>>> print(open('query38.pdb').read())   # PDB, C-alpha atoms, pLDDT in the B column
ATOM      1  CA  ASN A   1      17.302  32.243 -60.393  1.00 70.00           C
ATOM      2  CA  GLN A   2      19.521  30.028 -58.242  1.00 73.00           C
ATOM      3  CA  THR A   3      20.761  33.023 -56.252  1.00 69.00           C
ATOM      4  CA  SER A   4      17.176  34.106 -55.568  1.00 74.00           C
ATOM      5  CA  TRP A   5      16.375  30.653 -54.213  1.00 79.00           C
ATOM      6  CA  LEU A   6      19.529  30.416 -52.101  1.00 74.00           C
ATOM      7  CA  THR A   7      18.806  33.765 -50.448  1.00 72.00           C
ATOM      8  CA  SER A   8      15.103  33.090 -49.873  1.00 79.00           C
ATOM      9  CA  THR A   9      13.375  32.391 -46.567  1.00 80.00           C
ATOM     10  CA  LYS A  10      12.035  29.079 -47.882  1.00 88.00           C
ATOM     11  CA  CYS A  11      15.560  27.840 -48.588  1.00 85.00           C
ATOM     12  CA  SER A  12      16.662  28.891 -45.083  1.00 83.00           C
ATOM     13  CA  ALA A  13      13.688  27.106 -43.512  1.00 87.00           C
ATOM     14  CA  LEU A  14      14.380  23.918 -45.460  1.00 90.00           C
ATOM     15  CA  GLY A  15      18.047  24.184 -44.524  1.00 87.00           C
ATOM     16  CA  VAL A  16      17.121  24.429 -40.847  1.00 88.00           C
ATOM     17  CA  LEU A  17      14.814  21.393 -41.105  1.00 90.00           C
ATOM     18  CA  SER A  18      17.463  19.413 -42.960  1.00 91.00           C
ATOM     19  CA  THR A  19      20.135  20.312 -40.418  1.00 89.00           C
ATOM     20  CA  ILE A  20      17.872  19.405 -37.493  1.00 89.00           C
ATOM     21  CA  GLY A  21      17.138  16.027 -39.079  1.00 91.00           C
ATOM     22  CA  THR A  22      20.808  15.362 -39.739  1.00 91.00           C
ATOM     23  CA  GLN A  23      21.863  16.359 -36.230  1.00 89.00           C
ATOM     24  CA  VAL A  24      19.110  14.321 -34.560  1.00 89.00           C
ATOM     25  CA  SER A  25      20.198  11.308 -36.592  1.00 91.00           C
ATOM     26  CA  LEU A  26      23.863  11.841 -35.742  1.00 89.00           C
ATOM     27  CA  PHE A  27      23.280  12.342 -32.023  1.00 87.00           C
ATOM     28  CA  SER A  28      20.774   9.481 -31.830  1.00 88.00           C
ATOM     29  CA  MET A  29      23.160   7.032 -33.463  1.00 91.00           C
ATOM     30  CA  THR A  30      25.893   8.102 -31.074  1.00 89.00           C
ATOM     31  CA  VAL A  31      23.651   7.675 -28.027  1.00 86.00           C
ATOM     32  CA  LEU A  32      22.362   4.315 -29.278  1.00 87.00           C
ATOM     33  CA  SER A  33      25.940   3.132 -29.805  1.00 89.00           C
ATOM     34  CA  VAL A  34      26.883   4.163 -26.267  1.00 86.00           C
ATOM     35  CA  ILE A  35      23.781   2.439 -24.868  1.00 82.00           C
ATOM     36  CA  ARG A  36      24.619  -0.706 -26.829  1.00 83.00           C
ATOM     37  CA  LEU A  37      28.211  -0.636 -25.563  1.00 82.00           C
ATOM     38  CA  TRP A  38      26.933  -0.190 -22.005  1.00 79.00           C
ATOM     39  CA  GLY A  39      24.590  -3.150 -22.500  1.00 77.00           C
ATOM     40  CA  VAL A  40      27.401  -5.358 -23.758  1.00 77.00           C
ATOM     41  CA  LEU A  41      29.687  -4.386 -20.883  1.00 75.00           C
ATOM     42  CA  LYS A  42      26.959  -4.930 -18.293  1.00 74.00           C
ATOM     43  CA  SER A  43      25.385  -8.004 -19.927  1.00 72.00           C
ATOM     44  CA  ASN A  44      25.790 -10.124 -16.817  1.00 65.00           C
ATOM     45  CA  LYS A  45      23.342  -7.874 -14.953  1.00 65.00           C
ATOM     46  CA  LEU A  46      20.276  -7.914 -17.223  1.00 59.00           C
ATOM     47  CA  GLN A  47      17.117  -6.388 -15.801  1.00 62.00           C
ATOM     48  CA  SER A  48      13.603  -7.065 -16.996  1.00 63.00           C
ATOM     49  CA  ARG A  49      12.236  -3.652 -15.940  1.00 70.00           C
ATOM     50  CA  ILE A  50      13.533  -0.184 -16.598  1.00 71.00           C
ATOM     51  CA  ARG A  51      13.708   1.917 -13.483  1.00 78.00           C
ATOM     52  CA  ARG A  52      12.052   5.332 -13.311  1.00 85.00           C
ATOM     53  CA  ARG A  53      15.428   7.032 -12.983  1.00 87.00           C
ATOM     54  CA  THR A  54      16.602   5.404 -16.213  1.00 80.00           C
ATOM     55  CA  ARG A  55      13.458   6.509 -18.056  1.00 81.00           C
ATOM     56  CA  VAL A  56      13.923  10.089 -16.867  1.00 90.00           C
ATOM     57  CA  LEU A  57      17.567   9.981 -17.922  1.00 88.00           C
ATOM     58  CA  LEU A  58      16.644   8.693 -21.404  1.00 83.00           C
ATOM     59  CA  GLY A  59      13.994  11.409 -21.721  1.00 88.00           C
ATOM     60  CA  ALA A  60      16.529  14.053 -20.721  1.00 91.00           C
ATOM     61  CA  ILE A  61      19.002  12.718 -23.277  1.00 88.00           C
ATOM     62  CA  ALA A  62      16.313  12.814 -25.977  1.00 87.00           C
ATOM     63  CA  MET A  63      15.429  16.415 -25.090  1.00 91.00           C
ATOM     64  CA  PHE A  64      19.102  17.356 -25.102  1.00 90.00           C
ATOM     65  CA  ILE A  65      19.464  15.847 -28.573  1.00 88.00           C
ATOM     66  CA  LEU A  66      16.451  17.745 -29.925  1.00 88.00           C
ATOM     67  CA  ILE A  67      17.397  21.077 -28.362  1.00 91.00           C
ATOM     68  CA  SER A  68      21.050  20.778 -29.419  1.00 89.00           C
ATOM     69  CA  SER A  69      20.024  19.922 -32.973  1.00 87.00           C
ATOM     70  CA  ALA A  70      17.661  22.890 -33.147  1.00 89.00           C
ATOM     71  CA  ILE A  71      20.290  25.272 -31.790  1.00 89.00           C
ATOM     72  CA  ILE A  72      22.905  24.040 -34.261  1.00 86.00           C
ATOM     73  CA  ALA A  73      20.438  24.524 -37.111  1.00 86.00           C
ATOM     74  CA  VAL A  74      19.197  27.991 -36.114  1.00 86.00           C
ATOM     75  CA  ILE A  75      22.467  29.664 -35.109  1.00 85.00           C
ATOM     76  CA  PRO A  76      23.592  30.463 -38.683  1.00 80.00           C
ATOM     77  CA  ILE A  77      20.365  32.343 -39.503  1.00 77.00           C
ATOM     78  CA  SER A  78      20.115  34.259 -36.236  1.00 77.00           C
ATOM     79  CA  GLY A  79      20.969  37.946 -36.300  1.00 71.00           C
ATOM     80  CA  PHE A  80      23.450  37.607 -33.459  1.00 74.00           C
ATOM     81  CA  PHE A  81      25.982  35.802 -35.673  1.00 72.00           C
ATOM     82  CA  GLU A  82      25.192  37.770 -38.835  1.00 67.00           C
ATOM     83  CA  ASP A  83      28.860  38.576 -39.493  1.00 66.00           C
ATOM     84  CA  PHE A  84      30.233  35.078 -38.911  1.00 70.00           C
ATOM     85  CA  PHE A  85      28.123  33.051 -41.356  1.00 68.00           C
ATOM     86  CA  VAL A  86      28.231  35.326 -44.431  1.00 66.00           C
ATOM     87  CA  SER A  87      29.675  33.689 -47.537  1.00 62.00           C
ATOM     88  CA  GLY A  88      28.584  36.243 -50.108  1.00 63.00           C
ATOM     89  CA  LEU A  89      26.408  39.239 -50.891  1.00 67.00           C
ATOM     90  CA  ARG A  90      23.786  39.723 -53.550  1.00 67.00           C
ATOM     91  CA  PHE A  91      22.346  42.992 -54.748  1.00 69.00           C
ATOM     92  CA  SER A  92      20.529  43.880 -57.946  1.00 67.00           C
ATOM     93  CA  THR A  93      22.139  42.402 -61.062  1.00 67.00           C
ATOM     94  CA  ASP A  94      22.428  45.951 -62.433  1.00 71.00           C
ATOM     95  CA  VAL A  95      24.763  46.993 -59.624  1.00 69.00           C
ATOM     96  CA  LYS A  96      28.288  45.855 -60.516  1.00 69.00           C
ATOM     97  CA  LEU A  97      30.000  47.874 -57.784  1.00 71.00           C
ATOM     98  CA  PHE A  98      29.868  45.099 -55.186  1.00 73.00           C
ATOM     99  CA  ILE A  99      30.982  42.048 -57.192  1.00 72.00           C
ATOM    100  CA  GLY A 100      33.389  39.903 -55.163  1.00 73.00           C
ATOM    101  CA  ILE A 101      32.604  41.448 -51.785  1.00 74.00           C
ATOM    102  CA  THR A 102      32.043  38.858 -49.064  1.00 70.00           C
ATOM    103  CA  SER A 103      32.401  40.707 -45.784  1.00 74.00           C
ATOM    104  CA  LYS A 104      30.914  43.649 -43.923  1.00 75.00           C
ATOM    105  CA  LYS A 105      34.340  45.270 -43.700  1.00 76.00           C
ATOM    106  CA  GLU A 106      34.819  45.165 -47.487  1.00 78.00           C
ATOM    107  CA  LEU A 107      31.288  46.428 -48.143  1.00 78.00           C
ATOM    108  CA  SER A 108      31.660  49.320 -45.700  1.00 77.00           C
ATOM    109  CA  ALA A 109      34.983  50.278 -47.354  1.00 77.00           C
ATOM    110  CA  VAL A 110      33.305  50.404 -50.782  1.00 77.00           C
ATOM    111  CA  ILE A 111      30.375  52.410 -49.390  1.00 76.00           C
ATOM    112  CA  ARG A 112      32.762  54.863 -47.703  1.00 76.00           C
ATOM    113  CA  GLU A 113      34.721  55.343 -50.920  1.00 77.00           C
ATOM    114  CA  TYR A 114      31.623  55.592 -53.111  1.00 76.00           C
ATOM    115  CA  PHE A 115      29.907  58.191 -50.933  1.00 72.00           C
ATOM    116  CA  GLY A 116      33.124  59.932 -49.913  1.00 68.00           C
ATOM    117  CA  TRP A 117      32.524  59.251 -46.243  1.00 63.00           C
ATOM    118  CA  ASN A 118      36.127  59.423 -45.150  1.00 56.00           C
ATOM    119  CA  ARG A 119      35.064  60.604 -41.706  1.00 52.00           C
ATOM    120  CA  ILE A 120      33.815  57.057 -41.015  1.00 53.00           C
ATOM    121  CA  LYS A 121      36.823  55.138 -39.839  1.00 54.00           C
ATOM    122  CA  GLU A 122      37.498  51.654 -41.140  1.00 52.00           C
ATOM    123  CA  GLU A 123      37.227  50.193 -37.642  1.00 49.00           C
ATOM    124  CA  LYS A 124      33.598  51.365 -37.358  1.00 55.00           C
ATOM    125  CA  HIS A 125      32.235  48.917 -39.968  1.00 52.00           C
ATOM    126  CA  TYR A 126      30.910  46.727 -37.172  1.00 53.00           C
ATOM    127  CA  LEU A 127      28.506  49.489 -36.078  1.00 62.00           C
ATOM    128  CA  TRP A 128      26.400  49.038 -39.217  1.00 71.00           C
ATOM    129  CA  SER A 129      24.015  46.138 -39.398  1.00 74.00           C
ATOM    130  CA  TRP A 130      23.632  44.198 -42.609  1.00 74.00           C
ATOM    131  CA  GLN A 131      20.059  45.476 -42.905  1.00 75.00           C
ATOM    132  CA  ASP A 132      21.249  49.108 -42.697  1.00 76.00           C
ATOM    133  CA  MET A 133      23.872  48.525 -45.358  1.00 77.00           C
ATOM    134  CA  ILE A 134      21.436  46.711 -47.649  1.00 75.00           C
ATOM    135  CA  LYS A 135      18.827  49.487 -47.255  1.00 78.00           C
ATOM    136  CA  LEU A 136      21.455  52.109 -48.079  1.00 77.00           C
ATOM    137  CA  VAL A 137      22.612  50.261 -51.186  1.00 77.00           C
ATOM    138  CA  ASN A 138      19.071  49.481 -52.361  1.00 76.00           C
ATOM    139  CA  SER A 139      17.866  53.060 -51.861  1.00 78.00           C
ATOM    140  CA  THR A 140      20.908  54.455 -53.662  1.00 76.00           C
ATOM    141  CA  PHE A 141      20.816  52.129 -56.650  1.00 72.00           C
ATOM    142  CA  SER A 142      17.074  51.503 -57.033  1.00 68.00           C
ATOM    143  CA  ASP A 143      15.403  52.394 -60.321  1.00 59.00           C
TER
END
>>> encode(input="query38.pdb", output="structure tokens")
Amino acid sequence: NQTSWLTSTKCSALGVLSTIGTQVSLFSMTVLSVIRLWGVLKSNKLQSRIRRRTRVLLGAIAMFILISSAIIAVIPISGFFEDFFVSGLRFSTDVKLFIGITSKKELSAVIREYFGWNRIKEEKHYLWSWQDMIKLVNSTFSD
């Protein structure tokens, strides 16, 4: 049951929201600390009004924080980095052939051996997408 939850879309969405919140908090505290340090260093030149340029700069910093936080949170679930952020694979509990496999290279080696596809060279594992490999495994081992 835990594996089903960890591989679900809802868990990924909550992970993204949690990461965005954490990153916004981290970046905001850093920016606030820098602003406070700047205020202490420049305390002899206090101004009662904030200039337009300063407001635009603060808005740009806030947007940078939000966009950076969103990018950091979404990168691991994007398809572009699908090989970099894999920490494990899960297929049907009836299929014991893939226990302990954590990379595309290892999975493609097992698939090649299982199907006898020796004509597929080991270096070509990167040509298969995870979705193609999962479809192949599911269609082969489905009930």
>>> closest_residue(input="query38.pdb", among="A:Asp132, A:Ala13, A:Val56, A:Asp94", to="A:Leu107", atoms="all atoms listed in the file")
A:Asp132
>>> resolve_selection(input="query38.pdb", expression="the PyMOL selection byres ((chain A and resi 114) around 12)", output="PyMOL selection string")
chain A and resi 97-98+107-113+115-118+136-137+140-141
>>> closest_residue(input="query38.pdb", among="A:Val40, A:Leu57, A:Ala62, A:Met133", to="A:Ser25", atoms="only C-alpha atoms")
A:Ala62
>>> residues_around(input="query38.pdb", residues="stretch 21-23 of chain A", least_positions_apart="4", cutoff="12 Å", atoms="all atoms listed in the file", output="PyMOL selection string")
chain A and resi 14-17+27-30+64-74
>>> atom_distance(input="query38.pdb", atom1="atom CA of A:Val31", atom2="atom CA of A:Pro76")
25.2 Å
>>> atom_distance(input="query38.pdb", atom1="atom CA of A:Val24", atom2="atom CA of A:Met63")
10.4 Å
